[in-house]
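Reviewing the structure listed below.
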Amino acid sequence: MHEPVLFVAPGFRLLRGLLAVVVAGSLLAGCSSSFDATRDAESTAAQARWHLSVDAIGKPITETYLSAWKIEVAPDGPGLPNGSGDVATGGRIFAAKCAACHGAKGEGLIGDQLIGGAGTLASATPKRTVGSYWPYATTLFDYIRRAMPYNAPQSLSADEVYALSAWILNRNGIVPDDAHLDAHSLAAIRMPNRDGFVPDPRPGTL
Ligand code: HEC
């Protein structure tokens, strides 16, 4: 007999086991007509699930599928897309798409505080925000583009993300009111806590 793909065998056995329970249960209940219907429905559903799992495991991922996730921006800028945005535009987008969770001034509500906290890192109550803590401005772009708004990730255009980054950095006192950010100017920003991290070479020795 031709064996199915070996590494899915445990799941297959489990489904067969579940089927056996359904079969036994229906037989014991002595209702054979509804048993037939239940068995057919169960076995069809089980087979569909099994085929799905077999199809999913070991199938090479396509470049098209992967490309949606290959949007990382390196700390020094590679990966930043074309586009640009200014502080005022960012403020308008923030009010419409971010303030509900992060507060009108980025002070934090159900979403993190994004603005403030400068100078608190060495205190007893450090406030780790984008402004006070994050070492690279490029990470702000990457994070917003990838994950925000929380309820609609990857829905923002590159221009919108540049504008939002400009507004958040401006309110943190890192870029001026007339800042207009693009791939070049964003990567050139030096964040206040840039030197506040130490390398951790694990595995290895300090
Ligand atoms: C529905 C609520 C919600 C909305 C809307 C939302 N966020 Fe968030 N945001 C969150 C939550 C929750 C987190 C924390 C996520 C986590 O830690 O996994 C977060 C985290 C962040 C962070 C990381 C903060 C940190 O210090 O780790 C940034 C930056 C951010 N959001 C920016 C934005 C921007 C810009 C928008 C608007 C485009 C936005 N968010 C809209 C809920 C929201």
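Following the order of the structure tokens, first chain is A, next is B, and so on, with residues numbered from 1 inside each chain and ligands from 1 in the order they appear.
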Residues of chain A that approach ligand 1 to 10 Å or less, counting only C-alpha atoms and all ligand atoms: could you list each one with the shortest pair of atoms and its distance in Å to one decimal, rows by chain and increasing residue number, as CSV?
```
residue,atom,partner,partner_atom_place_in_ligand_line,distance
A:Gly90,CA,ligand 1,35 (C),8.7
A:Gly91,CA,ligand 1,35 (C),9.8
A:Ile93,CA,ligand 1,38 (C),7.0
A:Phe94,CA,ligand 1,37 (C),5.5
A:Ala95,CA,ligand 1,37 (C),8.2
A:Ala96,CA,ligand 1,37 (C),7.9
A:Lys97,CA,ligand 1,37 (C),4.7
A:Cys98,CA,ligand 1,37 (C),3.4
A:Ala99,CA,ligand 1,5 (C),6.9
A:Ala100,CA,ligand 1,5 (C),5.9
A:Cys101,CA,ligand 1,2 (C),4.4
A:His102,CA,ligand 1,7 (N),6.2
A:Gly103,CA,ligand 1,6 (C),9.6
A:Gly106,CA,ligand 1,32 (C),8.8
A:Gly108,CA,ligand 1,9 (N),9.0
A:Leu109,CA,ligand 1,42 (C),8.5
A:Ile110,CA,ligand 1,12 (C),5.9
A:Gly111,CA,ligand 1,10 (C),3.8
A:Asp112,CA,ligand 1,24 (C),5.3
A:Gln113,CA,ligand 1,26 (O),6.7
A:Leu114,CA,ligand 1,24 (C),5.9
A:Ile115,CA,ligand 1,26 (O),9.1
A:Lys127,CA,ligand 1,26 (O),9.5
A:Arg128,CA,ligand 1,26 (O),6.6
A:Thr129,CA,ligand 1,26 (O),4.7
A:Val130,CA,ligand 1,26 (O),5.1
A:Gly131,CA,ligand 1,26 (O),8.6
A:Ser132,CA,ligand 1,26 (O),9.3
A:Tyr133,CA,ligand 1,26 (O),8.0
A:Trp134,CA,ligand 1,26 (O),7.7
A:Thr139,CA,ligand 1,29 (C),8.7
A:Leu140,CA,ligand 1,29 (C),5.7
A:Phe141,CA,ligand 1,29 (C),8.1
A:Asp142,CA,ligand 1,29 (C),9.1
A:Tyr143,CA,ligand 1,29 (C),6.2
A:Ile144,CA,ligand 1,32 (C),5.4
A:Arg145,CA,ligand 1,38 (C),8.3
A:Ala147,CA,ligand 1,31 (N),7.5
A:Met148,CA,ligand 1,39 (C),4.8
A:Pro149,CA,ligand 1,41 (C),3.5
A:Tyr150,CA,ligand 1,43 (C),4.4
A:Asn151,CA,ligand 1,1 (C),5.0
A:Ala152,CA,ligand 1,5 (C),7.8
A:Pro153,CA,ligand 1,38 (C),8.6
A:Gln154,CA,ligand 1,38 (C),9.6
A:Ser155,CA,ligand 1,38 (C),8.8
A:Leu156,CA,ligand 1,38 (C),7.3
A:Glu160,CA,ligand 1,38 (C),8.3
A:Val161,CA,ligand 1,35 (C),7.4
A:Tyr162,CA,ligand 1,35 (C),9.9
A:Ala163,CA,ligand 1,35 (C),9.3
A:Leu164,CA,ligand 1,35 (C),5.7
A:Ser165,CA,ligand 1,35 (C),7.2
A:Trp167,CA,ligand 1,35 (C),9.1
A:Ile168,CA,ligand 1,35 (C),7.7
```
Emit the selected residues as a compact mmCIF listing (two decimals), in the first residue's frame, including C-alpha atoms.
```txt
# COMPACT_ATOMS: atom_id res chain seq x y z
CA GLY A 90 1.23 63.58 9.61
CA GLY A 91 -0.69 65.39 12.34
CA ILE A 93 -3.46 61.47 9.62
CA PHE A 94 -2.58 60.80 13.25
CA ALA A 95 -5.80 62.49 14.43
CA ALA A 96 -7.86 60.41 12.02
CA LYS A 97 -6.18 57.00 12.26
CA CYS A 98 -4.09 56.77 15.42
CA ALA A 99 -5.36 59.09 18.16
CA ALA A 100 -8.25 56.82 19.14
CA CYS A 101 -5.74 54.34 20.57
CA HIS A 102 -2.62 56.44 21.22
CA GLY A 103 -4.27 59.67 22.46
CA GLY A 106 0.45 60.49 21.54
CA GLY A 108 -1.04 56.68 25.21
CA LEU A 109 -4.45 55.10 25.76
CA ILE A 110 -4.96 51.45 24.88
CA GLY A 111 -1.97 51.86 22.53
CA ASP A 112 1.50 52.77 23.79
CA GLN A 113 2.61 56.25 24.68
CA LEU A 114 4.49 57.50 21.61
CA ILE A 115 5.53 60.96 22.69
CA LYS A 127 9.19 55.94 30.09
CA ARG A 128 10.36 54.02 27.03
CA THR A 129 8.80 55.68 24.02
CA VAL A 130 9.73 56.03 20.37
CA GLY A 131 11.27 59.38 21.26
CA SER A 132 13.08 58.51 24.47
CA TYR A 133 14.13 54.95 23.79
CA TRP A 134 14.21 53.80 20.15
CA THR A 139 12.49 51.45 12.77
CA LEU A 140 9.57 53.81 13.34
CA PHE A 141 8.82 53.77 9.62
CA ASP A 142 9.15 49.98 9.43
CA TYR A 143 6.91 49.45 12.46
CA ILE A 144 4.12 51.79 11.38
CA ARG A 145 4.11 50.48 7.80
CA ALA A 147 1.80 46.90 11.92
CA MET A 148 -0.27 50.08 12.27
CA PRO A 149 -3.06 51.05 12.52
CA TYR A 150 -3.51 48.02 14.75
CA ASN A 151 -6.94 47.35 13.26
CA ALA A 152 -5.79 47.75 9.61
CA PRO A 153 -2.08 46.92 9.27
CA GLN A 154 -0.36 47.61 5.94
CA SER A 155 -3.18 49.91 4.82
CA LEU A 156 -1.06 53.11 4.77
CA GLU A 160 1.38 58.57 4.90
CA VAL A 161 3.99 56.61 6.86
CA TYR A 162 6.67 59.27 6.17
CA ALA A 163 4.23 61.97 7.31
CA LEU A 164 3.28 60.08 10.48
CA SER A 165 6.96 59.46 11.27
CA TRP A 167 4.82 64.19 13.16
CA ILE A 168 5.77 61.69 15.89
```
- Query: Which polymer residues have any atom within 9 Å of an atom of segment 183-188 of chain A, counting only C-alpha atoms, with same-chain residues fewer than 5 positions away left out, as a PyMOL selection string?
  - Reply: chain A and resi 75-84+136-138+141+162+165-166
- Task: Calculate how many Å separate atom CA of Asn170 of chain A from atom CA of Lys105 of chain A, rounding to one decimal.
- Result: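 We find that atom CA of Asn170 of chain A and atom CA of Lys105 of chain A lie 11.6 Å from each other.
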- Task: Choose the residue, out of A:Val175, A:Ala158, A:Ala46, A:Ala124, that has the smallest atom-to-atom separation from Ile71 of chain A; count only C-alpha atoms.
- Result: A:Ala158
- Message: as a ChimeraX atom specification, please: every residue in segment 128-188 of chain A that a backbone DSSP assignment puts in helix (DSSP H, G or I).
- Response: /A:137-147,158-171,183-188
Go ahead and save the residues from that selection, with C-alpha atoms, as a PDB file, in the first residue's frame.
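Below is the file part-v8.pdb, written as the result:
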```pdb
ATOM      1  CA  ALA A 137      14.101  56.527  13.281  1.00  0.00           C
ATOM      2  CA  THR A 138      13.992  54.033  10.398  1.00  0.00           C
ATOM      3  CA  THR A 139      12.487  51.451  12.774  1.00  0.00           C
ATOM      4  CA  LEU A 140       9.565  53.807  13.343  1.00  0.00           C
ATOM      5  CA  PHE A 141       8.825  53.774   9.622  1.00  0.00           C
ATOM      6  CA  ASP A 142       9.150  49.980   9.433  1.00  0.00           C
ATOM      7  CA  TYR A 143       6.908  49.447  12.462  1.00  0.00           C
ATOM      8  CA  ILE A 144       4.122  51.786  11.379  1.00  0.00           C
ATOM      9  CA  ARG A 145       4.107  50.478   7.803  1.00  0.00           C
ATOM     10  CA  ARG A 146       4.106  46.854   8.919  1.00  0.00           C
ATOM     11  CA  ALA A 147       1.804  46.902  11.917  1.00  0.00           C
ATOM     12  CA  ALA A 158       4.528  55.246   1.966  1.00  0.00           C
ATOM     13  CA  ASP A 159       3.732  58.991   1.933  1.00  0.00           C
ATOM     14  CA  GLU A 160       1.384  58.574   4.897  1.00  0.00           C
ATOM     15  CA  VAL A 161       3.993  56.615   6.861  1.00  0.00           C
ATOM     16  CA  TYR A 162       6.671  59.266   6.173  1.00  0.00           C
ATOM     17  CA  ALA A 163       4.234  61.970   7.309  1.00  0.00           C
ATOM     18  CA  LEU A 164       3.284  60.078  10.481  1.00  0.00           C
ATOM     19  CA  SER A 165       6.958  59.464  11.271  1.00  0.00           C
ATOM     20  CA  ALA A 166       7.628  63.183  10.781  1.00  0.00           C
ATOM     21  CA  TRP A 167       4.819  64.194  13.157  1.00  0.00           C
ATOM     22  CA  ILE A 168       5.774  61.694  15.885  1.00  0.00           C
ATOM     23  CA  LEU A 169       9.454  62.692  15.672  1.00  0.00           C
ATOM     24  CA  ASN A 170       8.530  66.387  15.663  1.00  0.00           C
ATOM     25  CA  ARG A 171       6.366  66.082  18.774  1.00  0.00           C
ATOM     26  CA  ALA A 183      14.253  57.856   2.581  1.00  0.00           C
ATOM     27  CA  HIS A 184      17.360  60.017   2.757  1.00  0.00           C
ATOM     28  CA  SER A 185      16.385  62.444   5.531  1.00  0.00           C
ATOM     29  CA  LEU A 186      14.757  59.786   7.721  1.00  0.00           C
ATOM     30  CA  ALA A 187      17.871  57.608   7.642  1.00  0.00           C
ATOM     31  CA  ALA A 188      20.030  60.640   8.526  1.00  0.00           C
TER      32      ALA A 188
END
```
- Pick from A:Leu66, A:Val198, A:Ala179, A:Ile189, whichever lies nearest to Ala88 of chain A using only C-alpha atoms: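 For Ala88 of chain A, the nearest of the candidates is A:Ala179.
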